[in-house]
Structures are given as structure tokens and as C-alpha cells.
Amino acid sequence: MNGGTFDLDAALAALRGVLSAQRPMPLHEPVFAGNEWAYVKDCLDTGWVSSVGSYVDRFEAMLAERCGVAHAIATVNGTAALHLALLVAGVKAGDEVLVPALTFVATANAVAHCGAVPHFVDSAPDRLGLDPVALEDRLLRTARRSGGICINRHTGRRIAAIVPMHVFGHPVDMERLGDIAGSWGLPVVEDAAEALGSTLRGRPAGSFGQLAAVSFNGNKIVTTGGGGAVLTDDAELARMARHLSTTAKHPHPWAYEHDAVAFNYRLPNLNAALGCAQLEQLDGFIAAKRSLAARYRAALDGVAGLQVVAEPEGCRSIHWLNAVLTPDRDARDTLLRATHGEGLLTRPAWKPMHLLPMFADAPRAPLPVTEDLQARIVCLPSGVRAAGEDGRLPPRRKGGRT
């Protein structure tokens with residue numbers, strides 16, 4: 001597709017036809033159309049606003065059921081959740097962790113927070129996330145097993161885990177990736193920050209790895225304002241994550257007994273109350289976002305020079321962000337400038353991790369697909385209301401945008 005013609009006027013006309021008249025049109029914004037006001041007011045009325053309260057437990061139970069896992073541990077944000085998940089998976093200072101180069105910086109940051117080193121791998125052109133073929137090739141060329149441990153032959157460091165990230169809500173090929181991880185004895189920690197509600201062959205994103213992390217930032221399909229969660233089926237890993245998230249304090253009516261250097265990562269009850277109300281509406285949010293994705297496909301498929309990023313085979317994606325591929329970087333930048341000029345707050349993909357100064361010296365595989373995708377992706381307004389007021393939702397109440 002690189003180097004093809006690009007019809008900017010047709011692209012803008014198509015976007016105008018899909019999107020509501022709201023300007024500026026944010027990339028994503030929250031919708032508060034259910035019990036948010038009542039649940040948050042209940043926290044204020046009762047005084048249970050901090051990290052102890054019934055809504056935290058309720059939110060965790062709802063989330064675990066929705067994600068098809070036995071345990072959910074609510075945290076203050078998605079980065080904290082991924083940090084905890086990596087720690088309890090056994091990642092230690094000086095290790096390496098295999099991650100995609102095309103991801104939000106939090107994925108690599110969480111590895112660095114463990115004192116470990118991210119090791120960047122290329123993406124699959126159809127799914128945008130970590131490519132199992134590229135991963136296997138990288139391991140075969142770089143790694144060896146010794147005493148059940150995976151070692152980078154070039155750096156001498158232990159490779160401790162694999163972190164696939166479900167880009168824009170499109171699930172990675174977790175079945176193939178899981179086979180590769182198993183053959184090398186590597187735990188998989190899913191970065192499912194953008195994929196709550198997406199499924200692969202009917203199974204929820206976040207339920208494939210030994211652990212997973214999700215995010216409830218204000219721009220996610222479900223928000224707690226700021227928040228995240230660790231997901232796992234393993235009771236002992238869940239216990240460890242919960243313990244570390246609450247300053248490693250032993251339960252006691254008054255004594256302060258701590259047995260590890262830990263973190264104050266527990267999600268407050270106030271935020272969890274918001275999350276409970278949001279989770280109650282998740283099916284409606286998904287339906288609205290999938291409808292918007294269908295409208296984008298119908299409008300943009302015939303525009304010269306644009307390729308709509310499609311739902312991968314076997315997946316039911318939430319389309320957290322809808323995206324198109326332009327012919328090249330110049331066309332990408334032209335579309336970004338033109339849409340912003342019309343009040344449509346489009347975005348490029350993230351700068352690849354290996355091009356950021358703090359990760360410039362990190363080990364990496366060849367990354368041709370990552371660099372090609374990043375040069376061509378434009379993310380389109382993708383909020384629930386972007387295509388116009390949904391009849392199931394009341395008018396927008398006062399609130400911020402992200």
C-alpha cells in the first residue's frame with residue numbers, strides 16, 4: 001500500500017458523514033449514563049471514599065466475572081497493575097522482558113519499574129500487536145535455555161517474561177504466542193489496558209496469560225477516573241499482588257506489621273463506585289463502538305489511499321480506537337493536520353519504544369513492521385458518542401474529556 005495515491009478531500013467528506021456535529025471532537029471521552037452519580041454520592045454520604053469500602057470488592061468481583069478469571073485486584077492505574085503483575089510473575093532487577101516496540105510507553109515503563117530491561121519485538125501487520133512469528137524468530141536467534149531458564153546469549157541476562165499488548169483493543173494471536181511461551185518456559189503477562197470486552201474465539205482478552213493488567217483511565221471504554229487491575233486465575237499470585245498493593249501490611253486491628261517493601265496501589269472506593277456503574281453499561285458501550293467501527297468501514301473503504309484497520313480473524317474487538325493506514329508518513333501528517341483543522345482530534349500511533357531516549361540502548365529485534373505502521377497510522381475519534389447521540393444514552397452531563 002505504501003506510495004499509493006491519497007484522496008484527502010474524500011477522506012474528510014467520509015469522516016464528516018460518519019461523525020456527529022460536535023466540535024471539537026475528542027479522540028475518546030467518557031459517558032456517564034447509568035448509576036455513576038448515585039454510587040459516588042453513596043460513597044460521599046457514607047464517608048467510605050478511600051481504599052477500603054464495599055465498592056472496591058464489588059468492582060473486583062464484577063471485573064473478574066466479566067474477564068473470565070478467578071481473581072481481580074484493583075489498582076490506582078494500569079501502569080501500577082502491570083508493574084505488580086510483572087513482579088508477582090517473577091521479574092527481577094537485571095532481567096529482560098520481551099515487549100512490543102509499538103505500544104504505549106507504560107508497557108515498557110512497567111518493565112523498567114521492576115529494574116528490568118525491555119527487549120523489543122516487532123508487530124503483526126494485521127493485528128498491530130506483538131507478532132508471534134517475529135517473537136519465535138527472535139528467541140531462536142537470541143536465546144538459549146539453561147537449567148530451565150531462558151537466557152539472552154548476547155547480554156547474559158535472564159529473559160523473564162513476555163508482555164503482549166492488545167493494540168487499540170484488537171487481541172494478539174494469544175494461542176500461537178502461548179505455545180511459543182510454553183516451549184521456552186516463559187510466563188505471559190497480558191497488557192490488556194485497551195481491550196476490556198474484546199474476545200478471541202469467544203475467550204476474553206486478559207484471560208490467556210498467567211496474569212494480565214487492564215486500565216480504567218478516563219479514555220478507556222470503562223473508566224474509574226484513574227485505575228487499573230491485575231487479573232489472574234492463580235490464587236497465590238492474586239494473594240501476592242493484593243498484599244504488595246496494600247503496603248505488604250498484615251491484617252490486624254491496630255498493629256502496623258509489614259513484611260516487604262511494597263506499594264500503596266489499592267484503588268479507592270470512590271473510584272471503584274464509578275467503575276461499578278460503568279461496568280454495568282459495558283455491553284451497551286461495546287455495541288455503540290462496534291456500530292461506529294462499522295460506519296467507519298462503510299464510509300472509508302472506498303477512499304483512495306486509506307486502509308481501515310480491520311477486526312482480526314477470530315476476534316470480536318471493542319475497537320477502542322478506530323484507525324486507518326495512510327500510504328506513507330507525508331499522507332499521515334497531511335491527514336492529521338487537515339482533521340485537526342476541522343476540529344477532529346485525530347492522533348498518530350505512539351512513537352516506537354526503541355526511538356525514545358530512555359530505551360534507545362535496549363535490546364531489540366529488527367522492527368520493520370513497527371516502523372512502517374507507526375509512520376502510517378491515524379487514530380480516529382472513537383468515543384461512544386462520536387457518531388451521534390445513541391438513543392439508549394441520555395444527553396451528555398457535565399464532565400471532562402480526554
# chains A, B, ... in the order shown; residues from 1 in each chain; ligands from 1
$ residues_around --residues "Val105 of chain A" --least-positions-apart "5" --cutoff "10 Å" --atoms "only C-alpha atoms" --output "list in words"
Thr79, Ala110, Trp350, Lys351, Pro352, Met353 and Leu356 of chain A
$ select_by_dssp --residues "segment 140-281 of chain A" --states "helix (DSSP H, G or I)" --output "PyMOL selection string"
chain A and resi 140-142+167-169+174-184+235-245+269-280
$ atom_distance --atom1 "atom CA of Leu211 of chain A" --atom2 "atom CA of Thr246 of chain A"
18.5 Å
$ closest_residue --among "A:Leu282, A:Ala13, A:Leu19, A:Val69" --to "Ala386 of chain A" --atoms "only C-alpha atoms"
A:Leu19
$ residues_around --residues "Tyr39 of chain A" --least-positions-apart "5" --cutoff "12 Å" --atoms "only C-alpha atoms" --output "list in words"
Phe32, Gly34, Leu44, Asp45, Thr46, Trp48, Val49, Gly53, Ser54, Tyr55, Val56, Arg58, Phe59, Thr224, Asn269, Leu270, Asn271, Ala272, Ala273, Leu274, Gly275, Cys276, Ala277, Gln278 and Glu280 of chain A
$ residues_around --residues "Ala80 of chain A" --least-positions-apart "4" --cutoff "8 Å" --atoms "only C-alpha atoms" --output "list in words"
Thr75, Val76, Leu84, Ala110, Gly228 and Tyr265 of chain A
$ write_last_selection --atoms "all heavy atoms" --output "PDB file, in the first residue's frame"
ATOM      1  N   THR A  75      -6.319  -1.553  41.206  1.00  0.00           N
ATOM      2  CA  THR A  75      -5.169  -0.692  41.485  1.00  0.00           C
ATOM      3  C   THR A  75      -5.456   0.743  41.044  1.00  0.00           C
ATOM      4  O   THR A  75      -6.450   1.015  40.380  1.00  0.00           O
ATOM      5  CB  THR A  75      -3.917  -1.198  40.756  1.00  0.00           C
ATOM      6  OG1 THR A  75      -4.147  -1.139  39.339  1.00  0.00           O
ATOM      7  CG2 THR A  75      -3.584  -2.631  41.154  1.00  0.00           C
ATOM      8  N   VAL A  76      -4.524   1.639  41.406  1.00  0.00           N
ATOM      9  CA  VAL A  76      -4.745   3.056  41.149  1.00  0.00           C
ATOM     10  C   VAL A  76      -4.631   3.421  39.669  1.00  0.00           C
ATOM     11  O   VAL A  76      -5.167   4.445  39.245  1.00  0.00           O
ATOM     12  CB  VAL A  76      -3.779   3.933  41.973  1.00  0.00           C
ATOM     13  CG1 VAL A  76      -4.122   3.846  43.446  1.00  0.00           C
ATOM     14  CG2 VAL A  76      -2.325   3.526  41.744  1.00  0.00           C
ATOM     15  N   LEU A  84       2.781  -4.555  39.161  1.00  0.00           N
ATOM     16  CA  LEU A  84       2.503  -5.631  40.120  1.00  0.00           C
ATOM     17  C   LEU A  84       2.499  -6.990  39.436  1.00  0.00           C
ATOM     18  O   LEU A  84       3.055  -7.963  39.962  1.00  0.00           O
ATOM     19  CB  LEU A  84       1.148  -5.401  40.785  1.00  0.00           C
ATOM     20  CG  LEU A  84       1.054  -4.471  41.974  1.00  0.00           C
ATOM     21  CD1 LEU A  84      -0.375  -4.405  42.458  1.00  0.00           C
ATOM     22  CD2 LEU A  84       1.985  -4.903  43.102  1.00  0.00           C
ATOM     23  N   ALA A 110       6.660  -0.079  32.896  1.00  0.00           N
ATOM     24  CA  ALA A 110       6.392  -1.054  33.960  1.00  0.00           C
ATOM     25  C   ALA A 110       7.542  -2.048  34.085  1.00  0.00           C
ATOM     26  O   ALA A 110       7.895  -2.474  35.192  1.00  0.00           O
ATOM     27  CB  ALA A 110       5.078  -1.782  33.695  1.00  0.00           C
ATOM     28  N   GLY A 228      -6.814   0.700  37.463  1.00  0.00           N
ATOM     29  CA  GLY A 228      -6.400  -0.473  36.723  1.00  0.00           C
ATOM     30  C   GLY A 228      -6.705  -1.705  37.546  1.00  0.00           C
ATOM     31  O   GLY A 228      -7.310  -1.620  38.616  1.00  0.00           O
ATOM     32  N   TYR A 265      -0.918   0.865  46.171  1.00  0.00           N
ATOM     33  CA  TYR A 265      -1.509   0.814  44.841  1.00  0.00           C
ATOM     34  C   TYR A 265      -3.019   0.525  44.848  1.00  0.00           C
ATOM     35  O   TYR A 265      -3.616   0.390  43.782  1.00  0.00           O
ATOM     36  CB  TYR A 265      -0.830  -0.283  44.014  1.00  0.00           C
ATOM     37  CG  TYR A 265       0.482   0.088  43.371  1.00  0.00           C
ATOM     38  CD1 TYR A 265       1.219  -0.885  42.690  1.00  0.00           C
ATOM     39  CD2 TYR A 265       0.984   1.378  43.402  1.00  0.00           C
ATOM     40  CE1 TYR A 265       2.420  -0.585  42.071  1.00  0.00           C
ATOM     41  CE2 TYR A 265       2.181   1.686  42.790  1.00  0.00           C
ATOM     42  CZ  TYR A 265       2.906   0.706  42.125  1.00  0.00           C
ATOM     43  OH  TYR A 265       4.098   0.999  41.513  1.00  0.00           O
TER      44      TYR A 265
END
$ residues_around --residues "Ala85 of chain A" --least-positions-apart "4" --cutoff "8 Å" --atoms "only C-alpha atoms" --output "VMD selection string"
chain A and resid 81 89 189 211 to 213 230 241
$ residues_around --residues "segment 302-311 of chain A" --least-positions-apart "4" --cutoff "12 Å" --atoms "only C-alpha atoms" --output "ChimeraX atom specification"
/A:1-15,125-128,166-172,198-200,290,293-298,315-328,330-332,335,373,376-380
$ atom_distance --atom1 "atom CA of Thr107 of chain A" --atom2 "atom CA of Thr334 of chain A"
29.0 Å
$ select_by_dssp --residues "segment 157-222 of chain A" --states "strand (DSSP E or B)" --output "PyMOL selection string"
chain A and resi 158-162+165+188-191+199-200+203-204+211-215+217
$ closest_residue --among "A:Asp173, A:Asp122, A:Glu236, A:Asp57" --to "Ala205 of chain A" --atoms "only C-alpha atoms"
A:Asp173
